[in-house]
Structure formats: structure tokens, C-alpha cells
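Chemist: Sharing coords_39.csv, CSV, N, CA and C atoms:
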```
chain,number,residue,atom,x,y,z
D,1,MET,N,21.0,-2.4,14.2
D,1,MET,CA,19.6,-2.6,14.4
D,1,MET,C,19.4,-3.1,15.9
D,2,SER,N,18.4,-2.6,16.5
D,2,SER,CA,18.1,-3.0,17.9
D,2,SER,C,17.5,-4.4,17.9
D,3,SER,N,17.4,-5.0,19.1
D,3,SER,CA,16.8,-6.3,19.2
D,3,SER,C,15.3,-6.2,19.0
D,4,ILE,N,14.7,-7.2,18.6
D,4,ILE,CA,13.3,-7.2,18.2
D,4,ILE,C,12.4,-7.3,19.5
D,5,THR,N,11.5,-6.4,19.6
D,5,THR,CA,10.6,-6.4,20.8
D,5,THR,C,9.5,-7.4,20.5
D,6,ARG,N,8.7,-7.7,21.6
D,6,ARG,CA,7.6,-8.6,21.5
D,6,ARG,C,6.6,-8.1,20.5
D,7,PRO,N,6.2,-6.8,20.5
D,7,PRO,CA,5.2,-6.3,19.5
D,7,PRO,C,5.8,-6.4,18.1
D,8,ASP,N,7.1,-6.1,17.9
D,8,ASP,CA,7.7,-6.2,16.6
D,8,ASP,C,7.6,-7.6,16.1
D,9,ALA,N,7.9,-8.6,16.9
D,9,ALA,CA,7.9,-10.0,16.6
D,9,ALA,C,6.5,-10.4,16.2
D,10,ALA,N,5.5,-9.9,16.9
D,10,ALA,CA,4.1,-10.2,16.5
D,10,ALA,C,3.7,-9.7,15.2
D,11,LEU,N,4.1,-8.4,14.9
D,11,LEU,CA,3.9,-7.8,13.6
D,11,LEU,C,4.5,-8.6,12.5
D,12,LEU,N,5.8,-9.0,12.7
D,12,LEU,CA,6.5,-9.8,11.7
D,12,LEU,C,5.8,-11.1,11.4
D,13,ALA,N,5.3,-11.7,12.5
D,13,ALA,CA,4.7,-13.1,12.4
D,13,ALA,C,3.4,-13.0,11.5
D,14,LEU,N,2.7,-11.8,11.5
D,14,LEU,CA,1.5,-11.7,10.7
D,14,LEU,C,1.7,-11.6,9.2
D,15,ARG,N,2.9,-11.2,8.8
D,15,ARG,CA,3.2,-11.0,7.4
D,15,ARG,C,3.3,-12.2,6.6
D,16,PRO,N,2.7,-12.2,5.4
D,16,PRO,CA,2.9,-13.4,4.5
D,16,PRO,C,4.4,-13.3,3.9
D,17,VAL,N,4.8,-14.5,3.5
D,17,VAL,CA,6.2,-14.6,2.9
D,17,VAL,C,6.0,-14.2,1.5
D,18,VAL,N,6.9,-13.3,1.0
D,18,VAL,CA,6.9,-12.9,-0.4
D,18,VAL,C,8.3,-13.1,-0.9
D,19,ASP,N,8.4,-13.8,-2.0
D,19,ASP,CA,9.7,-14.1,-2.6
D,19,ASP,C,10.4,-12.8,-2.9
D,20,THR,N,11.6,-12.6,-2.4
D,20,THR,CA,12.3,-11.4,-2.6
D,20,THR,C,13.8,-11.7,-2.9
D,21,ALA,N,14.5,-10.7,-3.4
D,21,ALA,CA,15.9,-10.8,-3.5
D,21,ALA,C,16.6,-10.8,-2.1
D,22,PRO,N,17.7,-11.4,-2.0
D,22,PRO,CA,18.4,-11.4,-0.7
D,22,PRO,C,18.7,-9.9,-0.3
D,23,ALA,N,18.6,-9.7,1.0
D,23,ALA,CA,18.9,-8.3,1.5
D,23,ALA,C,20.4,-8.1,1.5
D,24,SER,N,20.7,-6.8,1.1
D,24,SER,CA,22.1,-6.4,1.1
D,24,SER,C,22.5,-6.0,2.5
D,25,GLY,N,23.8,-5.8,2.7
D,25,GLY,CA,24.3,-5.4,4.1
D,25,GLY,C,23.7,-4.1,4.6
D,26,ASP,N,23.6,-3.1,3.8
D,26,ASP,CA,23.0,-1.8,4.2
D,26,ASP,C,21.6,-1.8,3.7
D,27,ALA,N,20.7,-1.3,4.5
D,27,ALA,CA,19.3,-1.2,4.1
D,27,ALA,C,19.2,-0.1,3.1
D,28,THR,N,18.4,-0.5,2.0
D,28,THR,CA,18.1,0.5,1.0
D,28,THR,C,16.6,0.6,0.8
D,29,SER,N,16.2,1.6,0.1
D,29,SER,CA,14.7,1.7,-0.2
D,29,SER,C,14.2,0.5,-0.9
D,30,GLY,N,15.0,0.0,-1.8
D,30,GLY,CA,14.6,-1.2,-2.5
D,30,GLY,C,14.4,-2.4,-1.6
D,31,ASP,N,15.4,-2.6,-0.6
D,31,ASP,CA,15.2,-3.6,0.4
D,31,ASP,C,13.9,-3.4,1.2
D,32,PHE,N,13.7,-2.2,1.6
D,32,PHE,CA,12.5,-1.9,2.3
D,32,PHE,C,11.2,-2.2,1.5
D,33,LEU,N,11.2,-1.9,0.2
D,33,LEU,CA,10.1,-2.2,-0.6
D,33,LEU,C,9.9,-3.7,-0.6
D,34,HIS,N,10.9,-4.5,-0.8
D,34,HIS,CA,10.7,-6.0,-1.0
D,34,HIS,C,10.5,-6.7,0.3
D,35,HIS,N,11.1,-6.2,1.4
D,35,HIS,CA,11.0,-7.0,2.7
D,35,HIS,C,10.0,-6.4,3.6
D,36,THR,N,9.5,-5.2,3.3
D,36,THR,CA,8.5,-4.6,4.2
D,36,THR,C,7.2,-4.3,3.5
D,37,LEU,N,7.3,-3.4,2.5
D,37,LEU,CA,6.1,-2.9,1.8
D,37,LEU,C,5.3,-4.0,1.1
D,38,ARG,N,6.0,-4.8,0.3
D,38,ARG,CA,5.2,-5.8,-0.4
D,38,ARG,C,4.5,-6.8,0.5
D,39,PRO,N,5.2,-7.3,1.5
D,39,PRO,CA,4.5,-8.3,2.4
D,39,PRO,C,3.3,-7.6,3.2
D,40,ILE,N,3.5,-6.4,3.6
D,40,ILE,CA,2.4,-5.7,4.3
D,40,ILE,C,1.2,-5.4,3.3
D,41,LEU,N,1.5,-5.0,2.1
D,41,LEU,CA,0.4,-4.8,1.2
D,41,LEU,C,-0.3,-6.1,0.8
D,42,LYS,N,0.5,-7.2,0.8
D,42,LYS,CA,-0.2,-8.5,0.5
D,42,LYS,C,-1.1,-8.8,1.7
D,43,LEU,N,-0.6,-8.6,2.9
D,43,LEU,CA,-1.4,-8.9,4.1
D,43,LEU,C,-2.7,-8.0,4.2
D,44,GLN,N,-2.5,-6.8,3.8
D,44,GLN,CA,-3.6,-5.8,3.8
D,44,GLN,C,-4.4,-5.7,2.5
D,45,ASN,N,-4.3,-6.7,1.6
D,45,ASN,CA,-4.9,-6.6,0.3
D,45,ASN,C,-6.4,-6.4,0.4
D,46,ASP,N,-7.1,-7.2,1.1
D,46,ASP,CA,-8.5,-7.1,1.2
D,46,ASP,C,-9.0,-5.8,1.8
D,47,LEU,N,-8.3,-5.3,2.8
D,47,LEU,CA,-8.7,-4.0,3.4
D,47,LEU,C,-8.4,-2.9,2.4
D,48,LEU,N,-7.3,-3.0,1.7
D,48,LEU,CA,-6.9,-2.0,0.7
D,48,LEU,C,-8.0,-1.9,-0.4
D,49,LEU,N,-8.5,-3.0,-0.9
D,49,LEU,CA,-9.5,-3.1,-1.9
D,49,LEU,C,-10.8,-2.5,-1.4
D,50,ALA,N,-11.1,-2.8,-0.1
D,50,ALA,CA,-12.4,-2.3,0.5
D,50,ALA,C,-12.3,-0.8,0.7
D,51,VAL,N,-11.2,-0.3,1.1
D,51,VAL,CA,-11.1,1.1,1.3
D,51,VAL,C,-11.2,1.9,0.0
D,52,VAL,N,-10.6,1.3,-1.1
D,52,VAL,CA,-10.7,2.0,-2.4
D,52,VAL,C,-12.2,1.9,-2.9
D,53,ALA,N,-12.8,0.7,-2.7
D,53,ALA,CA,-14.2,0.5,-3.1
D,53,ALA,C,-15.1,1.5,-2.4
D,54,ASP,N,-14.8,1.8,-1.1
D,54,ASP,CA,-15.6,2.8,-0.4
D,54,ASP,C,-15.4,4.2,-1.0
D,55,PHE,N,-14.2,4.5,-1.3
D,55,PHE,CA,-14.0,5.8,-1.9
D,55,PHE,C,-14.7,5.9,-3.3
D,56,VAL,N,-14.6,4.8,-4.1
D,56,VAL,CA,-15.3,4.8,-5.4
D,56,VAL,C,-16.8,5.1,-5.1
D,57,ARG,N,-17.4,4.4,-4.2
D,57,ARG,CA,-18.8,4.6,-3.9
D,57,ARG,C,-19.1,6.0,-3.3
D,58,ASP,N,-18.3,6.4,-2.3
D,58,ASP,CA,-18.6,7.7,-1.7
D,58,ASP,C,-18.4,8.9,-2.6
D,59,HIS,N,-17.5,8.8,-3.6
D,59,HIS,CA,-17.2,9.9,-4.5
D,59,HIS,C,-17.9,9.7,-5.8
D,60,HIS,N,-18.8,8.7,-5.9
D,60,HIS,CA,-19.6,8.5,-7.1
D,60,HIS,C,-18.7,8.4,-8.4
D,61,VAL,N,-17.6,7.6,-8.2
D,61,VAL,CA,-16.8,7.4,-9.4
D,61,VAL,C,-17.4,6.3,-10.3
D,62,PRO,N,-17.7,6.6,-11.5
D,62,PRO,CA,-18.4,5.7,-12.4
D,62,PRO,C,-17.5,4.5,-12.9
D,63,LEU,N,-17.0,3.8,-12.0
D,63,LEU,CA,-16.0,2.7,-12.3
D,63,LEU,C,-16.6,1.6,-13.0
D,64,ALA,N,-17.8,1.1,-12.6
D,64,ALA,CA,-18.4,0.0,-13.2
D,64,ALA,C,-18.8,0.2,-14.7
D,65,ALA,N,-19.2,1.4,-15.0
D,65,ALA,CA,-19.7,1.8,-16.3
D,65,ALA,C,-18.6,2.1,-17.3
D,66,ALA,N,-17.4,2.3,-16.7
D,66,ALA,CA,-16.2,2.7,-17.6
D,66,ALA,C,-15.6,1.6,-18.3
D,67,SER,N,-15.0,1.9,-19.4
D,67,SER,CA,-14.2,0.9,-20.2
D,67,SER,C,-13.0,0.4,-19.3
D,68,ALA,N,-12.4,-0.7,-19.7
D,68,ALA,CA,-11.2,-1.2,-19.0
D,68,ALA,C,-10.1,-0.1,-18.9
D,69,ALA,N,-9.9,0.6,-20.0
D,69,ALA,CA,-8.8,1.6,-20.0
D,69,ALA,C,-9.2,2.8,-19.1
D,70,ASP,N,-10.5,3.2,-19.1
D,70,ASP,CA,-10.9,4.2,-18.2
D,70,ASP,C,-10.9,3.8,-16.8
D,71,GLN,N,-11.2,2.6,-16.5
D,71,GLN,CA,-11.2,2.1,-15.1
D,71,GLN,C,-9.8,2.2,-14.6
D,72,GLN,N,-8.8,1.9,-15.4
D,72,GLN,CA,-7.4,2.0,-14.9
D,72,GLN,C,-7.0,3.5,-14.7
D,73,ARG,N,-7.4,4.3,-15.6
D,73,ARG,CA,-7.2,5.8,-15.4
D,73,ARG,C,-7.9,6.3,-14.2
D,74,LEU,N,-9.1,6.0,-14.0
D,74,LEU,CA,-9.9,6.5,-12.8
D,74,LEU,C,-9.2,6.0,-11.5
D,75,LEU,N,-8.8,4.8,-11.5
D,75,LEU,CA,-8.1,4.3,-10.2
D,75,LEU,C,-6.8,5.1,-10.0
D,76,ILE,N,-6.0,5.3,-11.0
D,76,ILE,CA,-4.8,6.0,-10.9
D,76,ILE,C,-5.1,7.4,-10.4
D,77,GLU,N,-6.1,8.1,-11.0
D,77,GLU,CA,-6.4,9.5,-10.5
D,77,GLU,C,-6.9,9.5,-9.1
D,78,LEU,N,-7.7,8.5,-8.7
D,78,LEU,CA,-8.3,8.4,-7.4
D,78,LEU,C,-7.2,8.2,-6.4
D,79,LEU,N,-6.2,7.3,-6.6
D,79,LEU,CA,-5.2,7.0,-5.7
D,79,LEU,C,-4.0,8.0,-5.7
D,80,THR,N,-3.9,8.8,-6.7
D,80,THR,CA,-2.8,9.8,-6.7
D,80,THR,C,-3.2,11.2,-6.4
D,81,ARG,N,-4.5,11.5,-6.7
D,81,ARG,CA,-5.0,12.9,-6.4
D,81,ARG,C,-5.8,13.1,-5.2
D,82,ASN,N,-6.4,12.0,-4.6
D,82,ASN,CA,-7.2,12.1,-3.4
D,82,ASN,C,-6.3,12.0,-2.2
D,83,VAL,N,-6.0,13.1,-1.6
D,83,VAL,CA,-5.0,13.1,-0.5
D,83,VAL,C,-5.5,12.3,0.7
D,84,LYS,N,-6.8,12.4,1.0
D,84,LYS,CA,-7.4,11.6,2.1
D,84,LYS,C,-7.2,10.1,1.8
D,85,LEU,N,-7.4,9.6,0.6
D,85,LEU,CA,-7.2,8.2,0.3
D,85,LEU,C,-5.8,7.8,0.3
D,86,ARG,N,-4.9,8.7,-0.2
D,86,ARG,CA,-3.4,8.4,-0.1
D,86,ARG,C,-3.0,8.2,1.3
D,87,TYR,N,-3.4,9.1,2.2
D,87,TYR,CA,-3.0,9.0,3.6
D,87,TYR,C,-3.6,7.8,4.3
D,88,THR,N,-4.8,7.4,3.9
D,88,THR,CA,-5.4,6.2,4.4
D,88,THR,C,-4.6,5.0,4.0
D,89,VAL,N,-4.2,4.9,2.7
D,89,VAL,CA,-3.4,3.8,2.2
D,89,VAL,C,-2.0,3.7,3.0
D,90,VAL,N,-1.4,4.9,3.1
D,90,VAL,CA,-0.1,4.9,3.9
D,90,VAL,C,-0.3,4.4,5.3
D,91,GLY,N,-1.4,4.8,5.9
D,91,GLY,CA,-1.7,4.4,7.3
D,91,GLY,C,-2.0,2.9,7.4
D,92,LEU,N,-2.7,2.3,6.4
D,92,LEU,CA,-2.9,0.9,6.3
D,92,LEU,C,-1.6,0.1,6.4
D,93,VAL,N,-0.6,0.7,5.8
D,93,VAL,CA,0.7,0.0,5.7
D,93,VAL,C,1.6,0.3,6.9
D,94,SER,N,1.7,1.6,7.2
D,94,SER,CA,2.7,2.0,8.2
D,94,SER,C,2.3,1.6,9.6
D,95,GLY,N,1.0,1.3,9.8
D,95,GLY,CA,0.6,0.7,11.1
D,95,GLY,C,1.1,-0.7,11.4
D,96,PHE,N,1.7,-1.3,10.3
D,96,PHE,CA,2.3,-2.6,10.5
D,96,PHE,C,3.8,-2.6,10.5
D,97,PHE,N,4.4,-1.4,10.6
D,97,PHE,CA,5.9,-1.3,10.7
D,97,PHE,C,6.4,-1.7,12.1
D,98,THR,N,7.5,-2.3,12.1
D,98,THR,CA,8.2,-2.5,13.4
D,98,THR,C,8.8,-1.2,13.8
D,99,SER,N,9.4,-1.2,15.0
D,99,SER,CA,10.1,0.0,15.4
D,99,SER,C,11.2,0.4,14.5
D,100,ALA,N,12.0,-0.6,14.1
D,100,ALA,CA,13.2,-0.3,13.2
D,100,ALA,C,12.7,0.2,11.9
D,101,GLU,N,11.6,-0.5,11.4
D,101,GLU,CA,11.1,-0.1,10.1
D,101,GLU,C,10.6,1.3,10.1
D,102,LEU,N,9.9,1.7,11.2
D,102,LEU,CA,9.4,3.0,11.3
D,102,LEU,C,10.5,4.1,11.3
D,103,ASP,N,11.6,3.7,12.0
D,103,ASP,CA,12.8,4.6,12.0
D,103,ASP,C,13.3,4.8,10.6
D,104,PHE,N,13.5,3.7,9.8
D,104,PHE,CA,13.9,3.8,8.5
D,104,PHE,C,12.9,4.6,7.6
D,105,TYR,N,11.7,4.3,7.8
D,105,TYR,CA,10.6,5.0,7.0
D,105,TYR,C,10.6,6.5,7.3
D,106,ARG,N,10.8,6.9,8.5
D,106,ARG,CA,10.8,8.3,8.9
D,106,ARG,C,12.0,9.1,8.2
D,107,GLN,N,13.1,8.4,8.0
D,107,GLN,CA,14.3,9.0,7.3
D,107,GLN,C,14.1,9.1,5.8
D,108,HIS,N,13.2,8.2,5.2
D,108,HIS,CA,13.1,8.1,3.8
D,108,HIS,C,11.6,8.3,3.4
D,109,ARG,N,10.8,9.0,4.2
D,109,ARG,CA,9.4,9.0,4.0
D,109,ARG,C,8.9,9.4,2.6
D,110,SER,N,9.5,10.4,2.0
D,110,SER,CA,9.0,10.9,0.7
D,110,SER,C,9.2,9.8,-0.4
D,111,GLU,N,10.3,9.2,-0.5
D,111,GLU,CA,10.6,8.1,-1.5
D,111,GLU,C,9.8,6.9,-1.2
D,112,LEU,N,9.7,6.5,0.1
D,112,LEU,CA,8.9,5.3,0.4
D,112,LEU,C,7.4,5.5,0.2
D,113,ASN,N,6.9,6.7,0.5
D,113,ASN,CA,5.5,6.9,0.2
D,113,ASN,C,5.2,6.8,-1.3
D,114,ARG,N,6.1,7.3,-2.1
D,114,ARG,CA,6.0,7.2,-3.5
D,114,ARG,C,6.0,5.8,-4.0
D,115,ARG,N,6.9,5.0,-3.5
D,115,ARG,CA,7.0,3.6,-3.8
D,115,ARG,C,5.8,2.8,-3.3
D,116,LEU,N,5.4,3.1,-2.1
D,116,LEU,CA,4.2,2.4,-1.5
D,116,LEU,C,2.9,2.7,-2.3
D,117,LEU,N,2.7,3.9,-2.7
D,117,LEU,CA,1.6,4.3,-3.5
D,117,LEU,C,1.6,3.6,-4.9
D,118,GLU,N,2.8,3.6,-5.5
D,118,GLU,CA,3.0,2.9,-6.8
D,118,GLU,C,2.5,1.4,-6.7
D,119,LEU,N,3.0,0.8,-5.6
D,119,LEU,CA,2.6,-0.6,-5.4
D,119,LEU,C,1.1,-0.8,-5.2
D,120,ALA,N,0.6,0.1,-4.4
D,120,ALA,CA,-0.9,0.1,-4.1
D,120,ALA,C,-1.7,0.3,-5.4
D,121,VAL,N,-1.3,1.2,-6.2
D,121,VAL,CA,-2.0,1.5,-7.4
D,121,VAL,C,-2.0,0.3,-8.3
D,122,ARG,N,-0.8,-0.3,-8.5
D,122,ARG,CA,-0.7,-1.5,-9.3
D,122,ARG,C,-1.6,-2.7,-8.8
D,123,ARG,N,-1.5,-2.8,-7.5
D,123,ARG,CA,-2.3,-3.9,-6.8
D,123,ARG,C,-3.8,-3.7,-7.0
D,124,VAL,N,-4.3,-2.5,-6.9
D,124,VAL,CA,-5.7,-2.2,-7.1
D,124,VAL,C,-6.1,-2.3,-8.5
D,125,GLN,N,-5.2,-1.8,-9.4
D,125,GLN,CA,-5.5,-2.0,-10.9
D,125,GLN,C,-5.6,-3.4,-11.3
D,126,ASP,N,-4.8,-4.3,-10.7
D,126,ASP,CA,-4.8,-5.7,-11.1
D,126,ASP,C,-6.0,-6.4,-10.6
D,127,GLN,N,-6.7,-5.7,-9.6
D,127,GLN,CA,-7.9,-6.4,-9.0
D,127,GLN,C,-9.1,-5.5,-9.2
D,128,VAL,N,-9.2,-4.8,-10.3
D,128,VAL,CA,-10.3,-3.8,-10.5
D,128,VAL,C,-11.7,-4.4,-10.4
D,129,GLU,N,-11.8,-5.7,-10.9
D,129,GLU,CA,-13.1,-6.4,-10.8
D,129,GLU,C,-13.6,-6.5,-9.3
D,130,ALA,N,-12.7,-6.8,-8.4
D,130,ALA,CA,-13.0,-6.9,-7.0
D,130,ALA,C,-13.4,-5.5,-6.4
D,131,VAL,N,-12.8,-4.5,-6.9
D,131,VAL,CA,-13.1,-3.1,-6.4
D,131,VAL,C,-14.5,-2.7,-6.9
D,132,VAL,N,-14.8,-3.0,-8.2
D,132,VAL,CA,-16.1,-2.7,-8.7
D,132,VAL,C,-17.2,-3.5,-8.0
D,133,LYS,N,-16.9,-4.8,-7.8
D,133,LYS,CA,-17.9,-5.6,-7.1
D,133,LYS,C,-18.2,-5.1,-5.6
D,134,ALA,N,-17.1,-4.8,-4.9
D,134,ALA,CA,-17.2,-4.3,-3.5
D,134,ALA,C,-17.8,-2.9,-3.4
D,135,SER,N,-17.6,-2.1,-4.5
D,135,SER,CA,-18.2,-0.8,-4.4
D,135,SER,C,-19.7,-0.7,-4.6
D,136,GLY,N,-20.2,-1.8,-5.3
D,136,GLY,CA,-21.6,-1.9,-5.5
D,136,GLY,C,-22.2,-0.8,-6.4
D,137,VAL,N,-21.3,-0.2,-7.2
D,137,VAL,CA,-21.8,0.9,-8.2
D,137,VAL,C,-21.8,0.3,-9.6
```
Please express what this file holds, its structure, as C-alpha cells.
Modeler:
Amino acid sequence: MSSITRPDAALLALRPVVDTAPASGDATSGDFLHHTLRPILKLQNDLLLAVVADFVRDHHVPLAAASAADQQRLLIELLTRNVKLRYTVVGLVSGFFTSAELDFYRQHRSELNRRLLELAVRRVQDQVEAVVKASGV
């Protein structure tokens, strides 16, 4: 890995600390998930919820009127089927990658996008009340 540049150090300093398993010698997708994706999603939590709430409002998703089970299903469908929203979520996270993380991400993009979206869906589902409130519907 190359030395850390000033912009990379600034990005790393922004991230919250998330308890993770110790990193192994070789970087894996699991390491990336724990050391990069989870902290960035935690940092971007409020923005993630706001973006999802905007999509709920803009696409007239009846989230507030739905039962708890239907809310979970609607959020899964919105975050997995709406390509524009998926790309927005990926952009919210990938914009905080360091140079080395971006290199790793580019090599494992498909798997990491899948993991990133799984984490984002879980995070949004766990905070459905905040999404409903922010969407104003």
C-alpha cells in the first residue's frame, strides 16, 4: 500500500470508530466491509436516511400508511430495484474512499456494491421511523 496522502488522511479522520475484528495480512472484502464500508455508512447515516426519505416522497411510496412488515418490504424494493437510488447510495459511500480503498473497490466492485447495499438496506430498515418522519408522507 502506498503512503497516505493529505486528502486520504483527512478522509480517514472524518470516519467514526467502529468496533471491528482485527485486519488480516491480506485485504479481503470482509476487511473492506468492516474497516471502510461500515464506518463510512455510519458517518453518512443522516444523509442516507434523507436521500431515502426523498425517494419515498418523490416516488409516492406509501411508507407511513404501511404495516411494519410492508414498510420493510417497501424499503427493500426501493433500495434494490431503483437503480438511481442504488447509484446514489454507492456514491454517498464511495466519495469517502481513500486512494488505496478506491483501487481495492475498483478490483472488487460487484461484490462490494452488493455488500454496501446490504448494509445500507439494513441500516435504513432499522431506522424506518426516521425515514417516515423525514419523508413527510
Chemist: Would you please work out which residue, of D:Leu92, D:Val132, D:Leu33, D:Ile40, is nearest to D:Arg114 when using only C-alpha atoms?
Modeler: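 Answer, going by the shortest atom-to-atom distance: D:Leu33.
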Chemist: Applying 8 Å and all atoms listed in the file, which residues near D:Leu74 remain after dropping the ones on its own chain fewer than 6 positions away? List them as a ChimeraX atom specification.
Modeler: /D:61-63,68,80
Chemist: Report, in Å with one decimal, the straight-line distance from atom N of D:Phe32 to atom C of D:Ala13.
Modeler: 17.9 Å
Chemist: Using only N, CA and C atoms, which of D:Leu117, D:Phe55, D:Arg122, D:Lys42 sits nearest D:Val89?
Modeler: D:Leu117
Chemist: If you run DSSP on the backbone here, which positions in chain D get helix (DSSP H, G or I)? Please write them as an MDAnalysis selection string.
Modeler: chainID D and resid 6:14 29:43 45:58 68:81 83:94 99:107 109:126 128:135
Chemist: Pick from D:Arg106, D:Ala69, D:Ser29, D:Ser99: nearest to D:Ala9, with all atoms listed in the file counted?
Modeler: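 For D:Ala9, the nearest of the candidates is D:Ser99.
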Chemist: Using all atoms listed in the file, what residues lie at most 7 Å away from (-5.3, -0.8, -11.6) (file coordinates), given as a ChimeraX atom specification?
Modeler: /D:71-73,75-76,121-128
Chemist: Any idea what the distance is between atom C of D:Ser135 and atom N of D:Asp58?
Modeler: 7.6 Å
Chemist: In Å, rounded to a single decimal, give me how far atom C of D:Arg86 is from atom CA of D:Asn113.
Modeler: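 Those two atoms sit 8.7 Å apart.
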Chemist: Select, counting only C-alpha atoms, all protein, DNA and RNA residues no farther than 6 Å from (2.1, -3.1, -2.0) in file coordinates, and express the selection as a CSV table (one decimal) with N, CA and C atoms, in the coordinates of the input.
Modeler:
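Contents of selection_35.csv, freshly written:
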```csv
chain,number,residue,atom,x,y,z
D,37,LEU,N,7.3,-3.4,2.5
D,37,LEU,CA,6.1,-2.9,1.8
D,37,LEU,C,5.3,-4.0,1.1
D,38,ARG,N,6.0,-4.8,0.3
D,38,ARG,CA,5.2,-5.8,-0.4
D,38,ARG,C,4.5,-6.8,0.5
D,41,LEU,N,1.5,-5.0,2.1
D,41,LEU,CA,0.4,-4.8,1.2
D,41,LEU,C,-0.3,-6.1,0.8
D,116,LEU,N,5.4,3.1,-2.1
D,116,LEU,CA,4.2,2.4,-1.5
D,116,LEU,C,2.9,2.7,-2.3
D,119,LEU,N,3.0,0.8,-5.6
D,119,LEU,CA,2.6,-0.6,-5.4
D,119,LEU,C,1.1,-0.8,-5.2
D,120,ALA,N,0.6,0.1,-4.4
D,120,ALA,CA,-0.9,0.1,-4.1
D,120,ALA,C,-1.7,0.3,-5.4
```
Chemist: Since the input has fewer atoms than a full residue there, write stretch 11-17 of chain D out with all heavy atoms, as a PDB file, in the frame of the given file.
Modeler:
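So result.pdb came out as:
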```pdb
ATOM      1  N   LEU D  11       4.100  -8.400  14.900  1.00  0.00           N
ATOM      2  CA  LEU D  11       3.900  -7.800  13.600  1.00  0.00           C
ATOM      3  C   LEU D  11       4.500  -8.600  12.500  1.00  0.00           C
ATOM      4  O   LEU D  11       3.917  -8.853  11.435  1.00  0.00           O
ATOM      5  CB  LEU D  11       4.357  -6.365  13.568  1.00  0.00           C
ATOM      6  CG  LEU D  11       3.520  -5.363  14.340  1.00  0.00           C
ATOM      7  CD1 LEU D  11       4.234  -4.024  14.404  1.00  0.00           C
ATOM      8  CD2 LEU D  11       2.153  -5.207  13.715  1.00  0.00           C
ATOM      9  N   LEU D  12       5.800  -9.000  12.700  1.00  0.00           N
ATOM     10  CA  LEU D  12       6.500  -9.800  11.700  1.00  0.00           C
ATOM     11  C   LEU D  12       5.800 -11.100  11.400  1.00  0.00           C
ATOM     12  O   LEU D  12       5.783 -11.620  10.299  1.00  0.00           O
ATOM     13  CB  LEU D  12       7.957  -9.955  12.060  1.00  0.00           C
ATOM     14  CG  LEU D  12       8.798  -8.672  12.031  1.00  0.00           C
ATOM     15  CD1 LEU D  12      10.173  -8.930  12.643  1.00  0.00           C
ATOM     16  CD2 LEU D  12       8.920  -8.135  10.623  1.00  0.00           C
ATOM     17  N   ALA D  13       5.300 -11.700  12.500  1.00  0.00           N
ATOM     18  CA  ALA D  13       4.700 -13.100  12.400  1.00  0.00           C
ATOM     19  C   ALA D  13       3.400 -13.000  11.500  1.00  0.00           C
ATOM     20  O   ALA D  13       2.997 -13.984  10.924  1.00  0.00           O
ATOM     21  CB  ALA D  13       4.393 -13.621  13.732  1.00  0.00           C
ATOM     22  N   LEU D  14       2.700 -11.800  11.500  1.00  0.00           N
ATOM     23  CA  LEU D  14       1.500 -11.700  10.700  1.00  0.00           C
ATOM     24  C   LEU D  14       1.700 -11.600   9.200  1.00  0.00           C
ATOM     25  O   LEU D  14       0.850 -11.963   8.454  1.00  0.00           O
ATOM     26  CB  LEU D  14       0.808 -10.379  11.138  1.00  0.00           C
ATOM     27  CG  LEU D  14       0.188 -10.342  12.516  1.00  0.00           C
ATOM     28  CD1 LEU D  14      -0.282  -8.924  12.824  1.00  0.00           C
ATOM     29  CD2 LEU D  14      -0.967 -11.311  12.600  1.00  0.00           C
ATOM     30  N   ARG D  15       2.900 -11.200   8.800  1.00  0.00           N
ATOM     31  CA  ARG D  15       3.200 -11.000   7.400  1.00  0.00           C
ATOM     32  C   ARG D  15       3.300 -12.200   6.600  1.00  0.00           C
ATOM     33  O   ARG D  15       3.961 -13.173   7.005  1.00  0.00           O
ATOM     34  CB  ARG D  15       4.444 -10.141   7.224  1.00  0.00           C
ATOM     35  CG  ARG D  15       4.321  -8.767   7.781  1.00  0.00           C
ATOM     36  CD  ARG D  15       5.544  -7.969   7.501  1.00  0.00           C
ATOM     37  NE  ARG D  15       5.516  -6.752   8.284  1.00  0.00           N
ATOM     38  CZ  ARG D  15       6.548  -5.966   8.463  1.00  0.00           C
ATOM     39  NH1 ARG D  15       7.703  -6.259   7.911  1.00  0.00           N
ATOM     40  NH2 ARG D  15       6.435  -4.887   9.190  1.00  0.00           N
ATOM     41  N   PRO D  16       2.700 -12.200   5.400  1.00  0.00           N
ATOM     42  CA  PRO D  16       2.900 -13.400   4.500  1.00  0.00           C
ATOM     43  C   PRO D  16       4.400 -13.300   3.900  1.00  0.00           C
ATOM     44  O   PRO D  16       4.997 -12.308   3.899  1.00  0.00           O
ATOM     45  CB  PRO D  16       1.915 -13.140   3.387  1.00  0.00           C
ATOM     46  CG  PRO D  16       1.667 -11.676   3.396  1.00  0.00           C
ATOM     47  CD  PRO D  16       1.861 -11.219   4.825  1.00  0.00           C
ATOM     48  N   VAL D  17       4.800 -14.500   3.500  1.00  0.00           N
ATOM     49  CA  VAL D  17       6.200 -14.600   2.900  1.00  0.00           C
ATOM     50  C   VAL D  17       6.000 -14.200   1.500  1.00  0.00           C
ATOM     51  O   VAL D  17       5.162 -14.686   0.748  1.00  0.00           O
ATOM     52  CB  VAL D  17       6.723 -16.009   3.060  1.00  0.00           C
ATOM     53  CG1 VAL D  17       8.054 -16.127   2.347  1.00  0.00           C
ATOM     54  CG2 VAL D  17       6.858 -16.386   4.525  1.00  0.00           C
TER      55      VAL D  17
END
```
